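Okay, structure first, notes after.
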Amino acid sequence: MLKEYKTLLPLVKRYTVFYILGLLALVLTDAGELYIPQLIKQVTNIIAGENFTLQAVGRLVLMMVGVAAAVAFFRFGWRYFIHGASRRIERDLREQVFTHLLSLSSGFYQKMRTGDIMARSSNDMRAIRMASGMALVAFIDGFFLSVAILAILFSQFPRLALITIIPLPFITVIVLLGGKVIGRRFKLVQEGFSRLSEHVQEALTGIRVVKSFVKESWIEKSFHVRNDDNLRRNMQLVRIWGLFFPLITFVSGLSMLFLLYYGGQAVILDDFTPGDFMAFMSYLTMLRWPVMGMGFTINMLQRGAASLQRINEILNEKPDITSKPNAITSRPAGDLKVDRLNFRYQFEGPPLLQEISFEVPRGNTLGILGRTGSGKSTLVRLIPRLLDPPTGSIFIDGHDIRQYLLPQLRAAIGIVPQDSFLFSDTIRGNIAFGNPDATDEQVQRAADISTISRELLSFPHGWNTPVGERGLTLSGGQKQRIAISRAMLIDPELLIFDDALASVDAETEEQILDAFLKTRRGRTNILVAHRVSTLQHADHIIVLDGGRIVQQGSHDQLAQQPGLYRDIYRLQQLTGGGV
Amino acid sequence: MEEEKIIKGYDPVIMRRLLQFTKPYKLPAIIAIIALLIATVAELATPVIMQRAIDHHIMARYYRFAAADNVRSTLEEHGLYDDALEIGDNYYLPETDSEKLPADEKDALIEADQFSRTTWYLTPTREDADLQALINNYPDKIDVRDGYIIMTRADMQALPMEQKTLLRTGDINGIGRSTLLYFLLLAGALLFMFLQVYLIAYTGQEVMRDIRSSLFGHTIRQSLRYLGKTPVGTLVTRITNDVETINEFFTSVATSLLRDFALMGGVVVTLFLLDVRLATITVLSLPPVLLMTLFFRSRARDAYRRVRLWVSNVNAFLSEHISGMEVVQIFGREERSGREFKKKNEELLSANLSEMMVFAVFRPMINLFTSISIGVVLYFGGQMVMQTTVSLGIMIAYVNLIQKFYQPVMDFTEKFTIMQSAMAGGERIFHLIDAKDRIPDEGSGSLPEHVKGRIEFKNVRFAYVQDEPVLQDLSFTIEPGETVAIVGYTGAGKTTIANLLARMWDIQSGSITIDGVDIRSVPLQNLRNVVQPVQQDVFMFAGTIEDNIKLGADIPHRQVRRAAETVQAAPFIEQLPQGYESELKESGANLSTGQRQLLAFSRVVAHDPRILILDEATGSIDTETEQLIQAAIEKLMQGRTAIVIAHRLSTIRNADRILVLNDGQLAESGRHDELLARDGLYATLYRLQYQQQGGKAP
């Protein structure tokens with residue numbers, strides 16, 4: 001468990017001053033709290049005794065209020081410093097995680113889903129915060145208070161102390177065991193809840209199907225099943241949870257009970273003053289929290305360790321795609337050569353690409369055709385090292401791409417990916433994503449190429465219209481065209497369209513390609529497509545099937561040759577009805 | 001952009017409507033409240049038991065009054081005479097009662113030598129030889145009269161240990177009885193507290209389930225107009241999270257607030273019962289605490305709002321950047337995104353810290369107030385004990401009760417915040433329930449049992465948004481078994497026709513009939529069993545393939561298989577390891593687009609509608625799959641009246657008839673060749689949109 005906490009060590013060190021001041025304030029708070037019952041005891045004894053003076057009582061009461069004020073001050077102090085430190089540690093850790101996420105490659109994001117990472121950076125952060133703040137407080141507080149109180153009680157009334165504290169360890173045990181069961185059942189409740197949410201989400205997303213097949217009652221029935229299940233899980237939690245605090249109250253009441261029975265007799269028999277009785281009662285009440293705290297501390301530390309482990313899983317993930325030491329710092333110009341490239345995800349996975357070789361001289365356009373799953377996307381993602389190719393298989397300007405400084409390599413390559421992912425930003429912000437300092441003119445030009453500027457008037461705030469969840473909902477074609485503008489704006493040496501025209505109609509595609517080829521004259525391009533109409537613009541075309549190049553040549557050559565290219569070409573002419 | 005309200009003040013209307021949902025669970029709720037009261041009483045009674053034991057058995061102090069008429073009338077005046085023991089020439093009154101006498105009357109009695117401040121010890125005498133020996137030992141100190149042993153407390157305290165034990169056996173037994181009572185109260189509190197928590201949770205959970213069910217049932221029956229303009233995420237949040245805040249309010253806040261108020265009220269009442277003057281002094285310390293709580297409540301609310309805002313900002317940023325990490329890396333934006341995150345993270349920290357500050361100040365303040373109140377009670381109480389107007393036991397009970405009183409105040413502000421967010425949640429939920437926007441389903445007629453499938457649109461007028469008509473005076477007829485393609489520019493109203501025929505929307509004027517029956521005159525269920533729209537965006541539910549074909553209908557497996565075979569979905573289904581029983585993950589993510597299309601077609605064939613409306617997909621998929629789908633569509637349309645909102649040239653050319661829409665009206669109609677020959681709108685459209693599909697012809 002402790003080894004997981006190593007990650008926190010440097011962060012805790014950063015806030016050593018906070019912790020020292022906080023713990024000091026905490027100890028002073030406890031000391032003050034322990035002193036107050038002593039004062040109450042003295043007042044009680046004076047009142048119960050025969051030589052009572054109002055002055056003496058007044059002095060002690062004033063002192064008590066003074067101590068209470070100091071306690072309030074120190075109590076503020078420890079909250080300020082310790083909670084402050086744990087909040088800051090949470091911030092630092094979150095930042096550390098995000099910075100690390102930025103350096104990880106798609107291999108990692110294939111292993112871990114977005115939802116999972118999100119859960120780790122919200123729920124787990126909370127658990128870690130508790131462990132680095134409250135757990136410490138509860139532990140120190142509990143330790144100091146219980147040792148001090150027990151010392152006072154045992155030094156003054158050993159026999160009574162021994163009897164009355166018998167029930168207290170049971171509180172720790174209840175908290176410890178109960179906490180575990182509650183934690184487990186709580187997790188089940190959360191699972192039930194997210195199942196319910198998923199179902200609602202699904203039903204409402206598919207509401208058209210539900211309505212057109214008149215399946216409202218069917219979907220309602222399956223909703224009821226999950227709804228009832230959610231209820232059942234909650235009640236299972238309540239059965240334990242509802243018993244938890246009443247049981248603690250009961251057990252701590254038992255020590256009071258022992259005090260009444262044995263302490264009361266002692267007072268009668270005079271080896272105990274009424275004031276002692278009062279003080280003893282206050283101390284016993286105070287002991288209740290530290291013994292609960294012990295249980296909570298252990299639970300919090302365990303949960304914190306489990307959460308840290310999950311965070312460490314992210315942090316320990318080594319960024320696998322990085323620049324080599326002594327990397328080439330110049331920017332590649334765009335002479336691409338692929339030489340006998342073989343690629344698979346894991347060592348034992350099936351080969352995705354085999355013996356791929358081709359060349360694209362600077363200023364040329366390469367077309368890639370292939371069925372779904374033929375390895376097209378994998379191939380283009382290897383070029384900017386989103387996936388890492390084996391050494392000596394992909395070269396730009398005669399250098400292995402692995403020799404380049406990674407930022408320089410990627411700066412020279414633009415990709416329009418298959419799924420046109422946009423950020424919740426303005427349209428302008430999305431187009432200028434690669435160069436936020438771009439001028440309006442540059443943005444406009446990039447928007448013209450993708451023809452998205454046609455729709456400018458329909459955007460309520462022009463280029464500054466926000467898109468995404470809290471803004472305008474764009475159609476697939478609009479998104480794709482914005483993604484094209486985004487890549488066009490940075491005007492890279494090598495530009496790759498990964499099936500980036502699938503959602504636009506044929507006419508628009510034609511317009512985009514015209515403008516594209518005009519602008520890109522003299523630069524290197526790769527067009528991945530499964531429409532032959534797109535590929536006709538390429539200087540050279542390779543046809544992929546099952547991870548291998550099965551054909552290559554110009555459009556005219558390939559259209560004559562028997563093979564996949566001609567088959568697809570004919571099919572498309574047929575279904576499209578070439579006149 | 002709608003800034004979501006996360007906090008709202010107490011609203012009696014919302015509260016009343018929420019409480020209406022609890023009606024079916026009146027009994028458990030009432031039992032829970034009773035259990036709550038019992039548990040609270042038991043909890044409050046424990047310090048009283050302590051006080052009793054201290055006063056009667058541990059301290060056992062009596063004051064002595066001379067038995068005279070004026071004394072008797074004074075005692076009677078204050079209702080104390082019944083508690084007094086008349087023994088010999090004296091009345092003995094317990095300390096707890098004596099202190100109820102006003103100080104000036106006591107002073108008068110002392111003047112008259114009828115009362116003294118000397119405290120006495122009384123205990124019933126017993127048949128016990130040792131005790132008798134003890135009594136005989138101190139003839140001048142111990143007086144035995146009327147079955148009581150009487151001596152001053154000072155003399156009693158001076159006795160040696162064994163003799164004291166012997167003398168006070170009765171008191172020790174009394175403590176034993178108090179202890180037993182204490183135990184019973186503890187056990188009672190445990191039992192009733194659990195009962196209360198359990199029953200409240202039960203009620204809360206049942207109520208939440210009912211609210212969720214009615215919300216869900218209500219929402220899925222809303223019209224597509226409504227569902228289309230409300231984001232799915234919002235609806236999901238209403239049905240799940242918002243209901244959860246109300247649940248939280250019921251189970252943790254409402255009950256603990258109820259308990260807190262009962263406890264605080266109980267404490268105040270107990271305080272007054274024990275001693276009016278001390279209680280008044282204590283209650284006077286309340287207003288400042290109340291003011292402080294109010295002040296901190298508003299601060300806590302603001303802080304909470306800010307925290308919520310930044311938590312969601314940070315989470316949104318994070319989740320977006322995780323999903324779009326590749327784009328960030330392609331464009332080399334790592335550093336910039338890192339900086340942006342840092343800024344947001346910093347804002348979140350500062351929001352968290354300001355929330356922390358509110359509680360770091362508030363909690364210690366309440367603690368301080370507790371101590372001040374105790375100090376005040378000790379000071380004035382001490383004075384009163386001295387003037388014999390208050391007993392020590394009562395003072396101790398006070399100190400105890402004041403601590404109990406301030407405990408709930410500690411987390412009042414948090415509870416209020418939860419209540420406020422529950423109110424906001426409730427408001428949103430009722431807003432959802434109150435929005436009634438559904439297609440009226442009042443038709444009592446029915447379509448003929450064997451529908452032929454003749455469709456007639458007559459002067460149909462329709463607009464999604466008022467004053468922006470999509471269809472204007474549209475009329476056309478489709479004969480049974482005919483396949484009709486509808487073409488037109490984007491926005492010409494093609495998809496609208498499908499929506500109207502299945503009554504996803506209602507027309508504004510004109511009529512739509514099937515076999516001569518107006519579709520508004522038949523129940524929706526009846527209509528939609530006959531008319532089946534097939535969407536271009538195929539949706540799959542979590543479940544098996546068979547479930548997705550049946551959609552809960554009572555269709556035998558044989559028919560499911562035949563449906564899949566008809567559209568050639570069977571080969572790929574049978575290749576899956578579990579065949580028809582294979583589970584589909586998140587909306588069929590483990591299937592290809594083409595496979596999902598084929599499954600959707602199987603679904604339609606299995607449900608066998610007479611009339612089919614097919615909205616063709618626009619996106620391109622690879623050519624071979626496309627061929628498969630084409631073949632399936634042809635199978636699908638066999639023997640049915642079919643309307644195809646066409647995007648593929650082949651579909652259009654194969655149609656029996658083409659309807660060309662323009663500006664919401666029928667512009668042309670006829671076969672492909674006829675229309676081309678006419679060289680009108682269709683011919684232009686064809687040249688512009690469809691001819692290029694195959695690329696430039698060689």
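The way I read the labels, and the way they are meant: chains A, B, ... in the order of the structure tokens, residue 1 as the first residue of every chain, and ligand 1 as the first ligand shown, with later ones counted on from there.
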
For Asp141 (chain A), work out the shell of residues within 9 Å, counting only C-alpha atoms and skipping chain neighbours fewer than 4 positions away, then give it as a list in words.
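Those residues are Leu23, Leu26, Val27, Asp30, Leu136, Val137, Leu145, Ser146, Pro290 and Gly293 of chain A.
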
Selection export as a PDB file, in the first residue's frame, atoms kept: all heavy atoms:
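Output below, filename again.pdb:
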ATOM      1  N   LEU A  23      -0.225  20.989  11.190  1.00  0.00           N
ATOM      2  CA  LEU A  23      -0.179  20.003  12.276  1.00  0.00           C
ATOM      3  C   LEU A  23       0.042  20.690  13.612  1.00  0.00           C
ATOM      4  O   LEU A  23      -0.529  20.281  14.625  1.00  0.00           O
ATOM      5  CB  LEU A  23       0.913  18.966  11.998  1.00  0.00           C
ATOM      6  CG  LEU A  23       0.593  18.073  10.803  1.00  0.00           C
ATOM      7  CD1 LEU A  23       1.699  17.045  10.596  1.00  0.00           C
ATOM      8  CD2 LEU A  23      -0.736  17.359  11.012  1.00  0.00           C
ATOM      9  N   LEU A  26      -3.149  22.000  14.621  1.00  0.00           N
ATOM     10  CA  LEU A  26      -4.020  20.889  15.006  1.00  0.00           C
ATOM     11  C   LEU A  26      -3.716  20.435  16.429  1.00  0.00           C
ATOM     12  O   LEU A  26      -4.618  20.245  17.252  1.00  0.00           O
ATOM     13  CB  LEU A  26      -3.820  19.730  14.029  1.00  0.00           C
ATOM     14  CG  LEU A  26      -4.694  18.507  14.230  1.00  0.00           C
ATOM     15  CD1 LEU A  26      -6.148  18.862  14.054  1.00  0.00           C
ATOM     16  CD2 LEU A  26      -4.305  17.413  13.241  1.00  0.00           C
ATOM     17  N   VAL A  27      -2.417  20.313  16.721  1.00  0.00           N
ATOM     18  CA  VAL A  27      -2.028  19.862  18.062  1.00  0.00           C
ATOM     19  C   VAL A  27      -2.457  20.903  19.097  1.00  0.00           C
ATOM     20  O   VAL A  27      -2.977  20.566  20.170  1.00  0.00           O
ATOM     21  CB  VAL A  27      -0.502  19.609  18.107  1.00  0.00           C
ATOM     22  CG1 VAL A  27      -0.047  19.385  19.531  1.00  0.00           C
ATOM     23  CG2 VAL A  27      -0.163  18.408  17.254  1.00  0.00           C
ATOM     24  N   ASP A  30      -6.117  20.610  19.714  1.00  0.00           N
ATOM     25  CA  ASP A  30      -6.412  19.471  20.579  1.00  0.00           C
ATOM     26  C   ASP A  30      -6.082  19.781  22.031  1.00  0.00           C
ATOM     27  O   ASP A  30      -6.852  19.472  22.940  1.00  0.00           O
ATOM     28  CB  ASP A  30      -5.621  18.241  20.114  1.00  0.00           C
ATOM     29  CG  ASP A  30      -6.190  17.696  18.817  1.00  0.00           C
ATOM     30  OD1 ASP A  30      -7.309  18.097  18.459  1.00  0.00           O
ATOM     31  OD2 ASP A  30      -5.512  16.894  18.160  1.00  0.00           O
ATOM     32  N   LEU A 136      -4.864  12.387   7.245  1.00  0.00           N
ATOM     33  CA  LEU A 136      -3.773  12.843   8.092  1.00  0.00           C
ATOM     34  C   LEU A 136      -4.324  13.517   9.338  1.00  0.00           C
ATOM     35  O   LEU A 136      -3.895  13.252  10.469  1.00  0.00           O
ATOM     36  CB  LEU A 136      -2.922  13.825   7.285  1.00  0.00           C
ATOM     37  CG  LEU A 136      -1.598  14.186   7.904  1.00  0.00           C
ATOM     38  CD1 LEU A 136      -0.670  12.997   7.863  1.00  0.00           C
ATOM     39  CD2 LEU A 136      -0.995  15.365   7.170  1.00  0.00           C
ATOM     40  N   VAL A 137      -5.312  14.404   9.120  1.00  0.00           N
ATOM     41  CA  VAL A 137      -5.918  15.102  10.249  1.00  0.00           C
ATOM     42  C   VAL A 137      -6.527  14.102  11.206  1.00  0.00           C
ATOM     43  O   VAL A 137      -6.270  14.140  12.418  1.00  0.00           O
ATOM     44  CB  VAL A 137      -7.005  16.086   9.752  1.00  0.00           C
ATOM     45  CG1 VAL A 137      -7.784  16.640  10.928  1.00  0.00           C
ATOM     46  CG2 VAL A 137      -6.356  17.199   8.961  1.00  0.00           C
ATOM     47  N   LEU A 145      -5.215  13.066  20.487  1.00  0.00           N
ATOM     48  CA  LEU A 145      -6.319  13.162  21.439  1.00  0.00           C
ATOM     49  C   LEU A 145      -6.457  11.899  22.255  1.00  0.00           C
ATOM     50  O   LEU A 145      -6.575  11.953  23.480  1.00  0.00           O
ATOM     51  CB  LEU A 145      -7.624  13.435  20.708  1.00  0.00           C
ATOM     52  CG  LEU A 145      -7.976  14.891  20.463  1.00  0.00           C
ATOM     53  CD1 LEU A 145      -9.309  14.974  19.763  1.00  0.00           C
ATOM     54  CD2 LEU A 145      -8.040  15.651  21.792  1.00  0.00           C
ATOM     55  N   SER A 146      -6.417  10.755  21.583  1.00  0.00           N
ATOM     56  CA  SER A 146      -6.665   9.542  22.369  1.00  0.00           C
ATOM     57  C   SER A 146      -5.518   9.274  23.330  1.00  0.00           C
ATOM     58  O   SER A 146      -5.763   8.917  24.483  1.00  0.00           O
ATOM     59  CB  SER A 146      -6.966   8.335  21.489  1.00  0.00           C
ATOM     60  OG  SER A 146      -6.301   8.408  20.279  1.00  0.00           O
ATOM     61  N   PRO A 290     -11.985  10.481  18.082  1.00  0.00           N
ATOM     62  CA  PRO A 290     -10.731   9.853  17.665  1.00  0.00           C
ATOM     63  C   PRO A 290     -10.854   8.356  17.382  1.00  0.00           C
ATOM     64  O   PRO A 290     -10.255   7.861  16.421  1.00  0.00           O
ATOM     65  CB  PRO A 290      -9.778  10.097  18.838  1.00  0.00           C
ATOM     66  CG  PRO A 290     -10.485  10.923  19.805  1.00  0.00           C
ATOM     67  CD  PRO A 290     -11.820  11.276  19.294  1.00  0.00           C
ATOM     68  N   GLY A 293     -12.281   8.152  14.182  1.00  0.00           N
ATOM     69  CA  GLY A 293     -11.269   8.664  13.253  1.00  0.00           C
ATOM     70  C   GLY A 293     -10.254   7.601  12.858  1.00  0.00           C
ATOM     71  O   GLY A 293      -9.858   7.512  11.705  1.00  0.00           O
TER      72      GLY A 293
END

I'd like the neighbourhood of Phe412 (chain B) as a VMD selection string, where a residue qualifies if any of its atoms comes within 12 Å (using only C-alpha atoms), though same-chain residues fewer than 3 positions away should be ignored.
chain B and resid 253 to 254 256 to 258 260 to 261 289 to 290 292 to 298 300 to 301 359 362 to 363 366 406 to 409 415 to 419

Looking only at helix (DSSP H, G or I) from DSSP on the backbone, list the matching residues of region 37-280 of chain B as a PyMOL selection string.
chain B and resi 37-59+69-77+81-83+95-98+103-111+129-137+153-158+161-167+169-220+224-229+232-274+276-280

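Shell of Gly204 (chain B) at 7 Å, with only C-alpha atoms counted and residues fewer than 3 places along the chain excluded, is Ile200, Ala201, Val207, Met208, Asn247, Phe250 and Thr251 of chain B.
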
Quote the spacing between CA of Glu507 (chain A) and CA of Tyr682 (chain B) in Å to one decimal place.
16.6 Å

For region 120-128 of chain A, find every residue with an atom within 7 Å (counting only C-alpha atoms), except residues of its own chain fewer than 4 positions away, and show them as JSON, numbers by chain.
{"A": [90, 94, 116, 132, 303, 304, 307, 308, 310, 311]}

Which polymer residues have any atom within 10 Å of an atom of Phe186 (chain A), counting only C-alpha atoms, with same-chain residues fewer than 3 positions away left out, as a ChimeraX atom specification?
/A:180-183,189-192,233-234,236-238,241

Here is a test: counting only C-alpha atoms, which residue of A:Leu39, A:Leu204, A:Leu2, A:Ala135 is nearest to chain B?
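Residue with the minimum atom-to-atom distance to chain B: A:Leu204.
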
Show which residues sit within 12 Å of Glu509 (chain A), as a ChimeraX atom specification. Count only C-alpha atoms, and ignore same-chain residues fewer than 2 positions away.
/A:449-452,477,480-481,484,499-507,511-516,529,531,533-535,537 /B:689,692-693,695

Excluding Tyr182 (chain B) and any residue of its chain fewer than 3 positions from it, enumerate the residues within 12 Å of it, using only C-alpha atoms, and give them as a ChimeraX atom specification.
/A:250,253-261 /B:42-53,175-179,185-189

Of the candidates A:Asn227, A:Ser323, A:Gln156, A:Thr378, which one gets nearest to Leu405 (chain A) if we count only C-alpha atoms?
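Selected residue with least distance to Leu405 (chain A): A:Ser323.
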
Enumerate as a list in words all residues of region 73-304 of chain B assigned to strand (DSSP E or B) by DSSP on the backbone, naming them with the chain letters and numbers the document uses.
Leu85, Glu86, Ile87, Asn90, Tyr91, Tyr92, Leu93, Pro94, Phe115, Ser116, Arg117, Thr118, Thr119, Trp120, Tyr121, Leu122, Thr123, Pro124, Asp143, Val144, Arg145, Tyr148, Ile149, Ile150, Met151 and Thr152 of chain B

Those selected residues, please, written with N, CA, C and O atoms and delivered as a CSV table (one decimal), in the first residue's frame.
chain,number,residue,atom,x,y,z
B,85,LEU,N,-41.2,16.0,52.0
B,85,LEU,CA,-41.4,14.9,53.0
B,85,LEU,C,-41.7,15.6,54.3
B,85,LEU,O,-40.9,16.4,54.8
B,86,GLU,N,-42.8,15.3,54.9
B,86,GLU,CA,-43.0,15.8,56.3
B,86,GLU,C,-42.6,14.8,57.3
B,86,GLU,O,-43.1,13.7,57.4
B,87,ILE,N,-41.5,15.1,58.0
B,87,ILE,CA,-41.0,14.2,59.0
B,87,ILE,C,-40.8,15.0,60.2
B,87,ILE,O,-40.0,16.0,60.3
B,90,ASN,N,-40.5,18.9,60.6
B,90,ASN,CA,-39.8,19.5,59.4
B,90,ASN,C,-40.4,19.0,58.1
B,90,ASN,O,-40.9,17.9,58.0
B,91,TYR,N,-40.2,19.9,57.1
B,91,TYR,CA,-40.4,19.4,55.7
B,91,TYR,C,-39.0,19.3,55.1
B,91,TYR,O,-38.1,20.1,55.3
B,92,TYR,N,-38.8,18.2,54.4
B,92,TYR,CA,-37.5,18.0,53.7
B,92,TYR,C,-37.8,18.0,52.2
B,92,TYR,O,-38.7,17.3,51.7
B,93,LEU,N,-37.1,19.0,51.6
B,93,LEU,CA,-37.4,19.2,50.1
B,93,LEU,C,-36.1,18.9,49.3
B,93,LEU,O,-35.1,19.4,49.7
B,94,PRO,N,-36.2,18.1,48.3
B,94,PRO,CA,-35.0,17.8,47.4
B,94,PRO,C,-34.5,19.1,46.9
B,94,PRO,O,-35.3,20.0,46.6
B,115,PHE,N,-35.8,28.0,57.8
B,115,PHE,CA,-35.1,27.4,56.7
B,115,PHE,C,-33.6,27.7,56.9
B,115,PHE,O,-33.3,28.8,57.3
B,116,SER,N,-32.8,26.7,56.5
B,116,SER,CA,-31.3,27.0,56.5
B,116,SER,C,-30.7,26.5,55.3
B,116,SER,O,-31.2,25.6,54.6
B,117,ARG,N,-29.5,27.0,55.0
B,117,ARG,CA,-28.8,26.5,53.8
B,117,ARG,C,-28.0,25.2,54.1
B,117,ARG,O,-27.4,24.7,53.2
B,118,THR,N,-28.1,24.7,55.2
B,118,THR,CA,-27.5,23.4,55.5
B,118,THR,C,-28.2,22.3,54.6
B,118,THR,O,-29.4,22.3,54.5
B,119,THR,N,-27.3,21.4,54.0
B,119,THR,CA,-27.9,20.4,53.2
B,119,THR,C,-28.0,19.1,54.0
B,119,THR,O,-27.1,18.8,54.8
B,120,TRP,N,-29.1,18.4,53.8
B,120,TRP,CA,-29.4,17.1,54.5
B,120,TRP,C,-29.3,15.9,53.6
B,120,TRP,O,-29.5,16.0,52.4
B,121,TYR,N,-29.0,14.8,54.2
B,121,TYR,CA,-29.1,13.5,53.5
B,121,TYR,C,-30.2,12.7,54.1
B,121,TYR,O,-30.3,12.5,55.3
B,122,LEU,N,-31.0,12.2,53.2
B,122,LEU,CA,-32.1,11.3,53.7
B,122,LEU,C,-32.1,10.0,52.9
B,122,LEU,O,-31.9,10.0,51.7
B,123,THR,N,-32.4,9.0,53.6
B,123,THR,CA,-32.5,7.7,52.9
B,123,THR,C,-33.4,6.8,53.7
B,123,THR,O,-33.4,6.8,54.9
B,124,PRO,N,-34.3,6.0,53.0
B,124,PRO,CA,-35.2,5.1,53.8
B,124,PRO,C,-34.4,4.1,54.6
B,124,PRO,O,-33.4,3.6,54.1
B,143,ASP,N,-30.6,10.6,62.9
B,143,ASP,CA,-31.9,10.6,63.5
B,143,ASP,C,-32.8,9.7,62.6
B,143,ASP,O,-32.7,9.7,61.4
B,144,VAL,N,-33.5,8.8,63.2
B,144,VAL,CA,-34.3,7.9,62.4
B,144,VAL,C,-35.8,8.2,62.8
B,144,VAL,O,-36.2,8.1,63.9
B,145,ARG,N,-36.5,8.6,61.8
B,145,ARG,CA,-37.9,9.0,62.1
B,145,ARG,C,-38.8,8.6,60.8
B,145,ARG,O,-38.3,8.7,59.7
B,148,TYR,N,-37.3,7.0,57.9
B,148,TYR,CA,-36.1,7.6,57.2
B,148,TYR,C,-34.9,7.8,58.1
B,148,TYR,O,-35.1,8.1,59.3
B,149,ILE,N,-33.8,7.6,57.5
B,149,ILE,CA,-32.5,8.0,58.2
B,149,ILE,C,-32.2,9.4,57.8
B,149,ILE,O,-32.2,9.7,56.6
B,150,ILE,N,-32.0,10.3,58.8
B,150,ILE,CA,-31.8,11.7,58.5
B,150,ILE,C,-30.5,12.1,59.1
B,150,ILE,O,-30.3,11.9,60.3
B,151,MET,N,-29.7,12.8,58.3
B,151,MET,CA,-28.4,13.4,58.9
B,151,MET,C,-28.0,14.5,57.9
B,151,MET,O,-28.4,14.6,56.8
B,152,THR,N,-27.1,15.4,58.4
B,152,THR,CA,-26.6,16.4,57.5
B,152,THR,C,-25.6,15.7,56.6
B,152,THR,O,-25.0,14.7,56.9

Could I get the residues of region 457-497 of chain A with an atom no further than 10 Å from an atom of region 330-337 of chain B, each paired with its nearest atom pair and that distance in Å to one decimal, using only C-alpha atoms, sorted by chain and residue number, as a tab-separated table?
residue	atom	partner	partner_atom	distance
A:Arg486	CA	B:Phe331	CA	9.3
A:Ala487	CA	B:Phe331	CA	8.4
A:Ile490	CA	B:Phe331	CA	8.6
